[in-house]
file work14.csv (CSV, C-alpha atoms and all ligand atoms)
chain,number,residue,atom,x,y,z
A,8,MET,CA,109.0,14.6,-161.3
A,9,GLU,CA,109.4,11.3,-159.5
A,10,ARG,CA,108.7,8.1,-161.6
A,11,MET,CA,109.0,4.3,-161.4
A,12,THR,CA,110.4,2.0,-164.0
A,13,ILE,CA,109.8,-1.8,-164.3
A,14,ILE,CA,112.4,-3.6,-166.4
A,15,GLY,CA,111.5,-7.1,-167.6
A,16,LEU,CA,107.8,-7.8,-168.1
A,17,GLY,CA,107.5,-11.6,-167.8
A,18,ASN,CA,105.6,-13.5,-165.1
A,19,MET,CA,106.8,-11.3,-162.2
A,20,GLY,CA,107.2,-7.9,-163.9
A,21,GLY,CA,103.9,-8.2,-165.6
A,22,ALA,CA,102.2,-9.1,-162.3
A,23,LEU,CA,103.8,-6.1,-160.5
A,24,VAL,CA,102.6,-3.8,-163.2
A,25,ARG,CA,99.1,-5.1,-163.0
A,26,GLY,CA,99.2,-4.7,-159.2
A,27,LEU,CA,100.4,-1.1,-159.5
A,28,LYS,CA,97.7,-0.4,-162.1
A,29,ASN,CA,95.0,-1.5,-159.7
A,30,PRO,CA,93.1,1.6,-158.6
A,31,LYS,CA,93.5,0.4,-155.0
A,32,SER,CA,97.3,0.7,-155.2
A,33,LYS,CA,98.4,3.5,-152.9
A,34,LEU,CA,101.5,4.1,-155.1
A,35,GLN,CA,100.4,6.5,-157.7
A,36,LEU,CA,103.7,7.3,-159.5
A,37,PRO,CA,103.9,7.4,-163.3
A,38,LEU,CA,105.1,4.0,-164.3
A,39,ASP,CA,107.5,3.4,-167.2
A,40,VAL,CA,107.8,-0.2,-168.4
A,41,PHE,CA,110.5,-1.9,-170.6
A,42,ASP,CA,111.0,-5.4,-172.0
A,43,VAL,CA,113.2,-6.6,-174.9
A,44,ASP,CA,109.9,-8.0,-176.3
A,45,ALA,CA,107.9,-4.9,-177.5
A,46,ALA,CA,104.6,-6.9,-177.5
A,47,ARG,CA,104.9,-7.3,-173.7
A,48,VAL,CA,105.4,-3.6,-173.3
A,49,ASP,CA,102.4,-2.8,-175.5
A,50,SER,CA,100.1,-5.2,-173.6
A,51,LEU,CA,100.6,-3.2,-170.4
A,52,VAL,CA,100.7,0.4,-171.6
A,53,ASP,CA,97.6,2.5,-171.0
A,54,GLY,CA,99.0,5.9,-171.7
A,55,GLN,CA,97.5,7.2,-168.5
A,56,LYS,CA,99.6,5.7,-165.7
A,57,VAL,CA,101.7,3.2,-167.6
A,58,PHE,CA,104.1,4.4,-170.3
A,59,GLY,CA,106.2,2.2,-172.6
A,60,LEU,CA,109.9,2.7,-173.2
A,61,LYS,CA,111.5,1.6,-176.5
A,62,SER,CA,115.0,1.1,-175.1
A,63,LEU,CA,116.9,1.1,-171.8
A,64,SER,CA,118.5,4.3,-172.8
A,65,GLU,CA,115.1,6.0,-172.2
A,66,VAL,CA,115.1,5.1,-168.5
A,67,LYS,CA,114.9,8.2,-166.3
A,68,LEU,CA,118.3,8.3,-164.5
A,69,ASP,CA,117.3,10.2,-161.3
A,70,HIS,CA,114.3,10.5,-159.0
A,71,ASN,CA,113.3,7.1,-160.2
A,72,THR,CA,112.5,3.8,-158.6
A,73,LEU,CA,113.9,1.0,-160.8
A,74,VAL,CA,112.4,-2.4,-160.3
A,75,LEU,CA,114.5,-5.1,-162.0
A,76,CYS,CA,112.5,-8.2,-163.0
A,77,VAL,CA,114.7,-9.9,-165.6
A,78,LYS,CA,116.3,-13.3,-165.1
A,79,PRO,CA,119.6,-13.1,-163.1
A,80,GLN,CA,121.7,-14.0,-166.2
A,81,ASP,CA,120.1,-11.0,-168.1
A,82,LEU,CA,121.3,-8.4,-165.5
A,83,SER,CA,124.4,-7.8,-167.7
A,84,GLY,CA,122.1,-6.4,-170.5
A,85,ILE,CA,120.8,-3.8,-168.1
A,86,VAL,CA,124.2,-3.1,-166.6
A,87,GLN,CA,125.7,-2.3,-170.0
A,88,THR,CA,123.3,0.6,-170.4
A,89,LEU,CA,122.8,1.9,-166.9
A,90,ALA,CA,126.0,1.2,-164.9
A,91,GLY,CA,127.4,4.4,-163.3
A,92,LYS,CA,124.5,6.5,-164.6
A,93,LEU,CA,121.9,6.3,-161.8
A,94,GLY,CA,121.6,9.5,-159.8
A,95,PRO,CA,121.6,9.6,-155.9
A,96,GLU,CA,117.8,10.0,-155.7
A,97,CYS,CA,117.2,6.7,-157.3
A,98,LEU,CA,116.0,3.6,-155.5
A,99,VAL,CA,116.8,0.2,-157.0
A,100,ILE,CA,114.6,-2.8,-156.2
A,101,SER,CA,115.7,-6.2,-157.5
A,102,ILE,CA,113.7,-9.5,-157.5
A,103,LEU,CA,116.6,-11.4,-159.2
A,104,ALA,CA,117.0,-14.7,-157.4
A,105,GLY,CA,120.4,-15.1,-155.7
A,106,LYS,CA,121.7,-11.6,-156.5
A,107,LYS,CA,122.8,-9.8,-153.3
A,108,THR,CA,122.2,-6.1,-152.8
A,109,GLY,CA,126.0,-5.6,-152.8
A,110,THR,CA,126.4,-7.3,-156.1
A,111,ILE,CA,123.6,-5.3,-157.7
A,112,GLY,CA,125.2,-2.1,-156.4
A,113,ARG,CA,128.6,-3.1,-157.6
A,114,GLU,CA,127.4,-4.1,-161.1
A,115,LEU,CA,125.3,-1.0,-161.5
A,116,GLN,CA,128.0,1.1,-159.9
A,117,PHE,CA,125.3,2.6,-157.7
A,118,GLN,CA,126.0,3.5,-154.1
A,119,GLY,CA,122.4,4.4,-153.1
A,120,PRO,CA,119.4,2.5,-151.6
A,121,ILE,CA,118.9,-1.0,-152.9
A,122,ILE,CA,116.1,-3.4,-151.9
A,123,ARG,CA,116.1,-7.1,-152.7
A,124,ALA,CA,112.8,-8.9,-152.8
A,125,MET,CA,111.8,-12.5,-153.3
A,126,PRO,CA,108.2,-12.9,-154.3
A,127,ASN,CA,106.7,-16.1,-155.6
A,128,ILE,CA,104.7,-17.1,-158.6
A,129,ALA,CA,101.3,-16.4,-156.9
A,130,ALA,CA,102.0,-12.8,-157.6
A,131,VAL,CA,100.2,-13.5,-160.9
A,132,ILE,CA,96.9,-13.8,-159.0
A,133,GLY,CA,97.8,-11.2,-156.3
A,134,GLU,CA,98.6,-13.9,-153.7
A,135,ALA,CA,102.4,-13.8,-153.5
A,136,ALA,CA,104.4,-14.3,-150.3
A,137,THR,CA,107.3,-11.8,-150.6
A,138,ALA,CA,110.2,-11.3,-148.3
A,139,MET,CA,112.3,-8.1,-148.6
A,140,CYS,CA,115.6,-6.8,-147.3
A,141,ALA,CA,117.2,-3.4,-147.6
A,142,ASN,CA,120.8,-2.2,-147.8
A,143,GLU,CA,122.2,0.3,-145.4
A,144,HIS,CA,121.3,3.3,-147.6
A,145,CYS,CA,117.6,2.7,-147.4
A,146,GLU,CA,115.4,5.0,-145.3
A,147,GLY,CA,111.8,4.6,-144.3
A,148,ALA,CA,110.4,6.2,-147.5
A,149,HIS,CA,112.3,3.7,-149.6
A,150,LYS,CA,111.0,0.8,-147.6
A,151,HIS,CA,107.5,2.2,-147.8
A,152,LYS,CA,107.7,2.2,-151.6
A,153,ALA,CA,108.7,-1.4,-151.7
A,154,GLU,CA,105.9,-2.4,-149.3
A,155,GLU,CA,103.4,-0.6,-151.6
A,156,ILE,CA,104.7,-2.5,-154.6
A,157,PHE,CA,104.7,-6.0,-153.2
A,158,ARG,CA,101.6,-5.6,-151.1
A,159,GLY,CA,99.9,-4.9,-154.4
A,160,VAL,CA,100.5,-8.5,-155.4
A,161,GLY,CA,100.0,-10.3,-152.0
A,162,GLU,CA,101.7,-10.2,-148.6
A,163,ALA,CA,105.2,-8.8,-148.0
A,164,PHE,CA,107.5,-9.0,-145.0
A,165,TRP,CA,110.9,-7.6,-144.0
A,166,THR,CA,113.8,-9.8,-143.2
A,167,LYS,CA,117.6,-9.6,-143.2
A,168,GLU,CA,119.6,-10.4,-146.3
A,169,SER,CA,121.3,-13.5,-144.7
A,170,LEU,CA,117.9,-15.2,-144.7
A,171,MET,CA,117.1,-14.6,-148.4
A,172,ASP,CA,118.3,-18.1,-149.4
A,173,ALA,CA,116.0,-19.6,-146.8
A,174,VAL,CA,113.2,-17.4,-148.2
A,175,THR,CA,113.9,-18.9,-151.6
A,176,GLY,CA,113.8,-22.4,-150.2
A,177,LEU,CA,110.5,-21.8,-148.4
A,178,SER,CA,108.2,-19.4,-150.2
A,179,GLY,CA,110.1,-18.9,-153.5
A,180,SER,CA,110.2,-22.6,-154.3
A,181,GLY,CA,107.2,-23.5,-152.0
A,182,PRO,CA,104.4,-23.3,-154.6
A,183,ALA,CA,106.0,-26.3,-156.4
A,184,TYR,CA,105.9,-28.4,-153.2
A,185,ILE,CA,102.2,-27.6,-152.8
A,186,TYR,CA,101.5,-28.5,-156.5
A,187,MET,CA,103.0,-31.9,-155.8
A,188,VAL,CA,100.7,-32.2,-152.8
A,189,ILE,CA,97.6,-31.4,-154.9
A,190,GLU,CA,98.8,-33.8,-157.6
A,191,ALA,CA,99.3,-36.6,-155.0
A,192,LEU,CA,96.0,-36.0,-153.3
A,193,THR,CA,94.3,-36.2,-156.7
A,194,ASP,CA,96.0,-39.5,-157.4
A,195,GLY,CA,94.8,-40.7,-154.1
A,196,GLY,CA,91.2,-40.0,-155.1
A,197,VAL,CA,91.7,-41.6,-158.5
A,198,LYS,CA,93.1,-44.7,-156.8
A,199,MET,CA,90.0,-44.9,-154.7
A,200,GLY,CA,87.8,-44.8,-157.9
A,201,MET,CA,87.1,-41.1,-158.4
A,202,PRO,CA,87.1,-39.5,-161.8
A,203,ARG,CA,90.3,-37.5,-162.1
A,204,ASP,CA,88.5,-34.2,-162.8
A,205,LEU,CA,86.5,-34.5,-159.6
A,206,ALA,CA,89.5,-35.6,-157.5
A,207,PHE,CA,91.5,-32.6,-158.9
A,208,LYS,CA,88.9,-30.1,-158.1
A,209,LEU,CA,88.4,-31.5,-154.6
A,210,SER,CA,92.1,-31.6,-153.8
A,211,THR,CA,92.7,-28.0,-155.1
A,212,GLN,CA,89.9,-26.6,-153.1
A,213,THR,CA,91.0,-28.5,-150.0
A,214,VAL,CA,94.5,-27.0,-150.1
A,215,LEU,CA,93.0,-23.5,-150.7
A,216,GLY,CA,90.4,-23.9,-147.9
A,217,ALA,CA,92.9,-25.3,-145.4
A,218,ALA,CA,95.3,-22.4,-146.0
A,219,GLY,CA,92.5,-19.9,-145.9
A,220,LEU,CA,91.3,-21.2,-142.6
A,221,VAL,CA,94.8,-21.0,-141.0
A,222,LYS,CA,95.0,-17.4,-142.3
A,223,HIS,CA,91.5,-16.4,-141.4
A,224,THR,CA,91.5,-17.8,-137.8
A,225,GLY,CA,95.1,-17.1,-137.0
A,226,LEU,CA,95.1,-20.5,-135.1
A,227,HIS,CA,98.1,-22.8,-135.0
A,228,PRO,CA,97.7,-25.5,-137.7
A,229,ALA,CA,98.1,-28.1,-135.0
A,230,ILE,CA,94.9,-26.9,-133.3
A,231,LEU,CA,93.0,-26.9,-136.5
A,232,LYS,CA,94.3,-30.4,-137.2
A,233,ASP,CA,93.2,-31.6,-133.8
A,234,GLN,CA,89.7,-30.1,-134.4
A,235,VAL,CA,89.1,-32.3,-137.4
A,236,THR,CA,90.7,-35.5,-136.0
A,237,THR,CA,87.9,-37.6,-134.5
A,238,PRO,CA,89.0,-40.4,-132.1
A,239,ALA,CA,89.2,-43.7,-134.0
A,240,GLY,CA,88.1,-41.8,-137.1
A,241,THR,CA,89.4,-41.6,-140.7
A,242,THR,CA,91.7,-38.6,-140.3
A,243,ILE,CA,93.8,-40.1,-137.5
A,244,SER,CA,94.4,-43.2,-139.6
A,245,ALA,CA,95.8,-41.1,-142.4
A,246,LEU,CA,97.8,-38.9,-140.1
A,247,HIS,CA,99.4,-41.9,-138.5
A,248,GLU,CA,100.5,-43.1,-141.9
A,249,LEU,CA,101.9,-39.6,-142.8
A,250,GLU,CA,103.8,-39.5,-139.5
A,251,GLU,CA,105.2,-43.0,-140.0
A,252,ARG,CA,106.4,-42.1,-143.5
A,253,GLY,CA,108.1,-38.9,-142.2
A,254,LEU,CA,106.0,-36.2,-144.0
A,255,ARG,CA,107.1,-33.4,-141.7
A,256,SER,CA,110.8,-34.3,-142.0
A,257,MET,CA,110.4,-34.5,-145.8
A,258,PHE,CA,109.2,-30.9,-145.9
A,259,VAL,CA,111.8,-29.6,-143.5
A,260,ASN,CA,114.5,-31.3,-145.5
A,261,ALA,CA,113.0,-29.9,-148.8
A,262,VAL,CA,113.3,-26.4,-147.5
A,263,GLU,CA,116.8,-27.1,-146.2
A,264,LYS,CA,117.9,-28.6,-149.6
A,265,ALA,CA,116.5,-25.7,-151.6
A,266,THR,CA,118.1,-23.2,-149.3
A,267,LEU,CA,121.5,-24.8,-149.6
A,268,ARG,CA,121.1,-24.9,-153.4
A,269,SER,CA,120.2,-21.2,-153.4
A,270,MET,CA,123.4,-20.5,-151.4
A,271,GLU,CA,125.4,-22.6,-153.8
A,272,LEU,CA,123.9,-20.8,-156.9
A,273,GLY,CA,124.4,-17.4,-155.2
A,274,LYS,CA,128.1,-17.8,-154.5
A,275,ASP,CA,130.1,-14.8,-155.7
A,276,SER,CA,126.8,-13.0,-156.7
B,301,LIG,N1,109.0,-16.9,-161.5
B,301,LIG,C1,109.1,-17.0,-160.2
B,301,LIG,O1,108.4,-17.8,-159.5
B,301,LIG,C2,110.0,-16.1,-159.4
B,301,LIG,C3,110.0,-16.0,-158.0
B,301,LIG,C4,110.8,-15.2,-157.3
B,301,LIG,C5,111.7,-14.4,-158.1
B,301,LIG,N2,111.8,-14.5,-159.4
B,301,LIG,C6,112.8,-13.7,-160.1
B,301,LIG,O2,112.1,-12.8,-161.0
B,301,LIG,C7,112.8,-12.6,-162.1
B,301,LIG,C8,111.9,-12.7,-163.3
B,301,LIG,O3,111.3,-14.0,-163.3
B,301,LIG,P1,110.1,-14.3,-164.3
B,301,LIG,O4,109.6,-15.6,-164.0
B,301,LIG,O5,109.2,-13.1,-164.4
B,301,LIG,O6,111.0,-14.3,-165.7
B,301,LIG,P2,110.4,-14.2,-167.2
B,301,LIG,O7,109.0,-14.5,-167.3
B,301,LIG,O8,111.4,-14.8,-168.1
B,301,LIG,O9,110.5,-12.6,-167.4
B,301,LIG,C9,111.7,-11.9,-167.7
B,301,LIG,C10,111.5,-10.9,-168.8
B,301,LIG,O10,112.6,-10.0,-169.0
B,301,LIG,C11,112.9,-9.9,-170.4
B,301,LIG,N3,114.3,-9.5,-170.6
B,301,LIG,C12,115.4,-10.2,-170.8
B,301,LIG,N4,116.5,-9.3,-170.9
B,301,LIG,C13,116.0,-8.1,-170.8
B,301,LIG,C14,116.6,-6.8,-170.8
B,301,LIG,N5,117.9,-6.6,-170.9
B,301,LIG,N6,115.8,-5.7,-170.6
B,301,LIG,C15,114.5,-5.8,-170.5
B,301,LIG,N7,113.8,-7.0,-170.4
B,301,LIG,C16,114.6,-8.1,-170.6
B,301,LIG,C17,112.6,-11.3,-170.9
B,301,LIG,O11,112.5,-11.3,-172.3
B,301,LIG,P3,112.9,-12.8,-173.0
B,301,LIG,O12,112.0,-13.8,-172.5
B,301,LIG,O13,112.8,-12.4,-174.5
B,301,LIG,O14,114.3,-13.0,-172.6
B,301,LIG,C18,111.3,-11.6,-170.2
B,301,LIG,O15,110.2,-11.0,-170.9
B,301,LIG,C19,114.0,-13.6,-162.1
B,301,LIG,O16,115.2,-12.9,-161.8
B,301,LIG,C20,113.7,-14.5,-161.0
B,301,LIG,O17,114.8,-15.0,-160.4
B,301,LIG,C21,110.9,-15.3,-160.1
call {"tool": "encode", "arguments": {"input": "work14.csv", "output": "structure tokens"}}
result
Amino acid sequence: MERMTIIGLGNMGGALVRGLKNPKSKLQLPLDVFDVDAARVDSLVDGQKVFGLKSLSEVKLDHNTLVLCVKPQDLSGIVQTLAGKLGPECLVISILAGKKTGTIGRELQFQGPIIRAMPNIAAVIGEAATAMCANEHCEGAHKHKAEEIFRGVGEAFWTKESLMDAVTGLSGSGPAYIYMVIEALTDGGVKMGMPRDLAFKLSTQTVLGAAGLVKHTGLHPAILKDQVTTPAGTTISALHELEERGLRSMFVNAVEKATLRSMELGKDS
């Protein structure tokens, strides 16, 4: 019988298991979970849909979708046990930053379907932005499985592997950029005399509301911006300052720098 196995139950693996446990998840395969920390396994097992493994040697070796959620440097621990043993009816899905599908296949000695995905930390609250790419052995059914997994923790999109470093630079690292924005807006409020707690709540909700409105209306952000920019009003004064200081270029450059760093880190992997 077909199964799924999630290996590594930290931030990301834990979030994926919770997404799959959600009754709304369309993917209803029995789910095995493994982590070197047995307490993490125990916290997710329910004995009905999610079953704990005591070691990697218990991983089902065929008719299984393996989702690798360990840190890139811990892949070797998995390779030691599973290399050369996965049957042709397996699907491997990796979220390891920087590890190419070719590398995963080579290290696991697996010539079958491999999907590489890059979610982000918002998976923890079901709001991840995930980009995925598939190797040449993937068919529609494999891609469909990956969509069901990552759409359980947010939104997921297909792209080509050559863009995965750019994905890392934009949505993988992106939450950190927005945390800085929230922090800075909060400081702005504090500078103008607000209690920090109030400034923090206002700035957080402002970022959430602005993103929500873009998504909800489907309008270009420039149109929404124009709608709130009264002639000779407060907003245009602030926008002028942001333009003069190069805010847009700073974000464009930030994504570029993170992409280049991802390429550098991913060399030979
Ligand atoms: N966090 C993000 O924002 C983010 C975004 C996109 C992609 N990713 C990718 O997602 C992966 C996981 O990130 P994360 O933040 O979830 O990391 P994490 O919280 O450290 O989780 C990894 C888990 O795997 C366990 N582990 C280590 N070696 C193992 C092995 N051989 N077998 C089974 N479990 C093992 C770790 O245990 P110990 O802690 O005891 O080592 C830990 O519980 C990384 O490859 C990362 O590149 C992360």
call {"tool": "residues_near_ligand", "arguments": {"input": "work14.csv", "ligand": "ligand LIG 301 (chain B)", "cutoff": "6 Å", "atoms": "all atoms listed in the file", "output": "mmCIF file with C-alpha atoms, in the frame of the given file"}}
result
data_model
loop_
_atom_site.group_PDB
_atom_site.id
_atom_site.type_symbol
_atom_site.label_atom_id
_atom_site.label_comp_id
_atom_site.auth_asym_id
_atom_site.auth_seq_id
_atom_site.Cartn_x
_atom_site.Cartn_y
_atom_site.Cartn_z
ATOM 1 C CA ILE A 14 112.400 -3.600 -166.400
ATOM 2 C CA GLY A 15 111.500 -7.100 -167.600
ATOM 3 C CA LEU A 16 107.800 -7.800 -168.100
ATOM 4 C CA GLY A 17 107.500 -11.600 -167.800
ATOM 5 C CA ASN A 18 105.600 -13.500 -165.100
ATOM 6 C CA MET A 19 106.800 -11.300 -162.200
ATOM 7 C CA GLY A 20 107.200 -7.900 -163.900
ATOM 8 C CA PHE A 41 110.500 -1.900 -170.600
ATOM 9 C CA ASP A 42 111.000 -5.400 -172.000
ATOM 10 C CA VAL A 43 113.200 -6.600 -174.900
ATOM 11 C CA ASP A 44 109.900 -8.000 -176.300
ATOM 12 C CA CYS A 76 112.500 -8.200 -163.000
ATOM 13 C CA VAL A 77 114.700 -9.900 -165.600
ATOM 14 C CA LYS A 78 116.300 -13.300 -165.100
ATOM 15 C CA PRO A 79 119.600 -13.100 -163.100
ATOM 16 C CA ASP A 81 120.100 -11.000 -168.100
ATOM 17 C CA GLY A 84 122.100 -6.400 -170.500
ATOM 18 C CA ILE A 85 120.800 -3.800 -168.100
ATOM 19 C CA ILE A 102 113.700 -9.500 -157.500
ATOM 20 C CA LEU A 103 116.600 -11.400 -159.200
ATOM 21 C CA ALA A 104 117.000 -14.700 -157.400
ATOM 22 C CA MET A 125 111.800 -12.500 -153.300
ATOM 23 C CA PRO A 126 108.200 -12.900 -154.300
ATOM 24 C CA ASN A 127 106.700 -16.100 -155.600
ATOM 25 C CA ILE A 128 104.700 -17.100 -158.600
ATOM 26 C CA GLY A 179 110.100 -18.900 -153.500
#
call {"tool": "closest_residue", "arguments": {"input": "work14.csv", "among": "A:Leu170, A:Leu246, A:Met199, A:Met257", "to": "A:Gly105", "atoms": "all atoms listed in the file"}}
result
A:Leu170
call {"tool": "residues_around", "arguments": {"input": "work14.csv", "residues": "stretch 217-219 of chain A", "least_positions_apart": "6", "cutoff": "10 Å", "atoms": "all atoms listed in the file", "output": "list in words"}}
result
Gly225, Pro228, Leu231 and Lys232 of chain A
call {"tool": "atom_distance", "arguments": {"input": "work14.csv", "atom1": "atom CA of A:Lys33", "atom2": "atom CA of A:Lys67"}}
result
21.8 Å
call {"tool": "atom_distance", "arguments": {"input": "work14.csv", "atom1": "atom CA of A:Gly253", "atom2": "atom CA of A:Asp172"}}
result
24.3 Å
call {"tool": "residues_around", "arguments": {"input": "work14.csv", "residues": "A:Leu36", "least_positions_apart": "2", "cutoff": "7 Å", "atoms": "all atoms listed in the file", "output": "count of residues only"}}
result
5
call {"tool": "atom_distance", "arguments": {"input": "work14.csv", "atom1": "atom CA of A:Ala183", "atom2": "atom CA of A:Ala141"}}
result
27.0 Å
call {"tool": "closest_residue", "arguments": {"input": "work14.csv", "among": "A:Glu248, A:Asp194, A:Asp53, A:Glu134", "to": "A:Gly159", "atoms": "all atoms listed in the file"}}
result
A:Glu134
call {"tool": "residues_around", "arguments": {"input": "work14.csv", "residues": "A:Ala124", "least_positions_apart": "6", "cutoff": "12 Å", "atoms": "all atoms listed in the file", "output": "PyMOL selection string"}}
result
chain A and resi 19+74-76+99-108+135-142+150+153-154+156-158+162-168+170-172+174-175+178-179
call {"tool": "closest_residue", "arguments": {"input": "work14.csv", "among": "A:Thr242, A:Thr12, A:Thr266, A:Ser83", "to": "A:His70", "atoms": "only C-alpha atoms"}}
result
A:Thr12
call {"tool": "closest_residue", "arguments": {"input": "work14.csv", "among": "A:Arg268, A:Gly200, A:Ile189, A:Arg123", "to": "A:Thr213", "atoms": "all atoms listed in the file"}}
result
A:Ile189
call {"tool": "closest_residue", "arguments": {"input": "work14.csv", "among": "A:Gly59, A:Val48, A:Gly112, A:Val214", "to": "A:Tyr184", "atoms": "only C-alpha atoms"}}
result
A:Val214
call {"tool": "closest_residue", "arguments": {"input": "work14.csv", "among": "A:Leu51, A:Ala129, A:Val40, A:Leu220", "to": "A:Leu63", "atoms": "only C-alpha atoms"}}
result
A:Val40
call {"tool": "residues_near_point", "arguments": {"input": "work14.csv", "point": "(91.4, -36.1, -154.4)", "cutoff": "12 Å", "atoms": "only C-alpha atoms", "output": "list in words"}}
result
Val188, Ile189, Glu190, Ala191, Leu192, Thr193, Asp194, Gly195, Gly196, Val197, Lys198, Met199, Gly200, Met201, Pro202, Arg203, Asp204, Leu205, Ala206, Phe207, Lys208, Leu209, Ser210, Thr211, Gln212, Thr213 and Val214 of chain A
call {"tool": "decode", "arguments": {"input": "work14.csv", "residues": "stretch 57-77 of chain A", "atoms": "N, CA and C atoms", "output": "PDB file, in the first residue's frame"}}
result
ATOM      1  N   VAL A  57      -1.043   9.357  11.300  1.00  0.00           N
ATOM      2  CA  VAL A  57       0.395   9.627  11.418  1.00  0.00           C
ATOM      3  C   VAL A  57       1.042   8.591  12.343  1.00  0.00           C
ATOM      4  N   PHE A  58       2.085   7.914  11.801  1.00  0.00           N
ATOM      5  CA  PHE A  58       2.725   6.828  12.539  1.00  0.00           C
ATOM      6  C   PHE A  58       4.217   7.150  12.715  1.00  0.00           C
ATOM      7  N   GLY A  59       4.738   6.891  13.894  1.00  0.00           N
ATOM      8  CA  GLY A  59       6.139   7.230  14.177  1.00  0.00           C
ATOM      9  C   GLY A  59       7.078   6.099  13.780  1.00  0.00           C
ATOM     10  N   LEU A  60       8.251   6.472  13.265  1.00  0.00           N
ATOM     11  CA  LEU A  60       9.293   5.486  12.995  1.00  0.00           C
ATOM     12  C   LEU A  60      10.379   5.653  14.059  1.00  0.00           C
ATOM     13  N   LYS A  61      11.002   4.542  14.444  1.00  0.00           N
ATOM     14  CA  LYS A  61      12.056   4.621  15.466  1.00  0.00           C
ATOM     15  C   LYS A  61      13.436   4.842  14.841  1.00  0.00           C
ATOM     16  N   SER A  62      13.569   4.455  13.571  1.00  0.00           N
ATOM     17  CA  SER A  62      14.851   4.681  12.887  1.00  0.00           C
ATOM     18  C   SER A  62      14.602   4.776  11.385  1.00  0.00           C
ATOM     19  N   LEU A  63      15.621   5.281  10.679  1.00  0.00           N
ATOM     20  CA  LEU A  63      15.493   5.409   9.225  1.00  0.00           C
ATOM     21  C   LEU A  63      15.377   4.053   8.549  1.00  0.00           C
ATOM     22  N   SER A  64      15.900   3.020   9.202  1.00  0.00           N
ATOM     23  CA  SER A  64      15.835   1.693   8.576  1.00  0.00           C
ATOM     24  C   SER A  64      14.396   1.178   8.502  1.00  0.00           C
ATOM     25  N   GLU A  65      13.464   1.843   9.197  1.00  0.00           N
ATOM     26  CA  GLU A  65      12.050   1.437   9.106  1.00  0.00           C
ATOM     27  C   GLU A  65      11.319   2.113   7.939  1.00  0.00           C
ATOM     28  N   VAL A  66      11.985   3.014   7.224  1.00  0.00           N
ATOM     29  CA  VAL A  66      11.331   3.712   6.105  1.00  0.00           C
ATOM     30  C   VAL A  66      10.945   2.701   5.026  1.00  0.00           C
ATOM     31  N   LYS A  67       9.712   2.794   4.551  1.00  0.00           N
ATOM     32  CA  LYS A  67       9.245   1.906   3.478  1.00  0.00           C
ATOM     33  C   LYS A  67      10.015   2.252   2.198  1.00  0.00           C
ATOM     34  N   LEU A  68      10.553   1.238   1.524  1.00  0.00           N
ATOM     35  CA  LEU A  68      11.507   1.511   0.452  1.00  0.00           C
ATOM     36  C   LEU A  68      10.902   1.542  -0.954  1.00  0.00           C
ATOM     37  N   ASP A  69       9.598   1.247  -1.079  1.00  0.00           N
ATOM     38  CA  ASP A  69       8.973   1.392  -2.392  1.00  0.00           C
ATOM     39  C   ASP A  69       7.524   1.843  -2.204  1.00  0.00           C
ATOM     40  N   HIS A  70       6.918   2.365  -3.272  1.00  0.00           N
ATOM     41  CA  HIS A  70       5.550   2.908  -3.195  1.00  0.00           C
ATOM     42  C   HIS A  70       5.453   3.905  -2.040  1.00  0.00           C
ATOM     43  N   ASN A  71       6.448   4.776  -1.956  1.00  0.00           N
ATOM     44  CA  ASN A  71       6.500   5.720  -0.843  1.00  0.00           C
ATOM     45  C   ASN A  71       6.895   7.099  -1.382  1.00  0.00           C
ATOM     46  N   THR A  72       6.275   8.142  -0.828  1.00  0.00           N
ATOM     47  CA  THR A  72       6.712   9.513  -1.121  1.00  0.00           C
ATOM     48  C   THR A  72       7.529   9.983   0.075  1.00  0.00           C
ATOM     49  N   LEU A  73       8.820  10.191  -0.143  1.00  0.00           N
ATOM     50  CA  LEU A  73       9.693  10.620   0.959  1.00  0.00           C
ATOM     51  C   LEU A  73       9.871  12.133   0.899  1.00  0.00           C
ATOM     52  N   VAL A  74       9.567  12.806   1.982  1.00  0.00           N
ATOM     53  CA  VAL A  74       9.726  14.258   2.019  1.00  0.00           C
ATOM     54  C   VAL A  74      10.881  14.567   2.962  1.00  0.00           C
ATOM     55  N   LEU A  75      11.968  15.085   2.395  1.00  0.00           N
ATOM     56  CA  LEU A  75      13.183  15.328   3.192  1.00  0.00           C
ATOM     57  C   LEU A  75      13.159  16.740   3.746  1.00  0.00           C
ATOM     58  N   CYS A  76      13.139  16.861   5.076  1.00  0.00           N
ATOM     59  CA  CYS A  76      13.019  18.178   5.724  1.00  0.00           C
ATOM     60  C   CYS A  76      14.123  18.385   6.747  1.00  0.00           C
ATOM     61  N   VAL A  77      15.291  17.776   6.515  1.00  0.00           N
ATOM     62  CA  VAL A  77      16.422  18.010   7.431  1.00  0.00           C
ATOM     63  C   VAL A  77      17.249  19.178   6.900  1.00  0.00           C
TER      64      VAL A  77
END
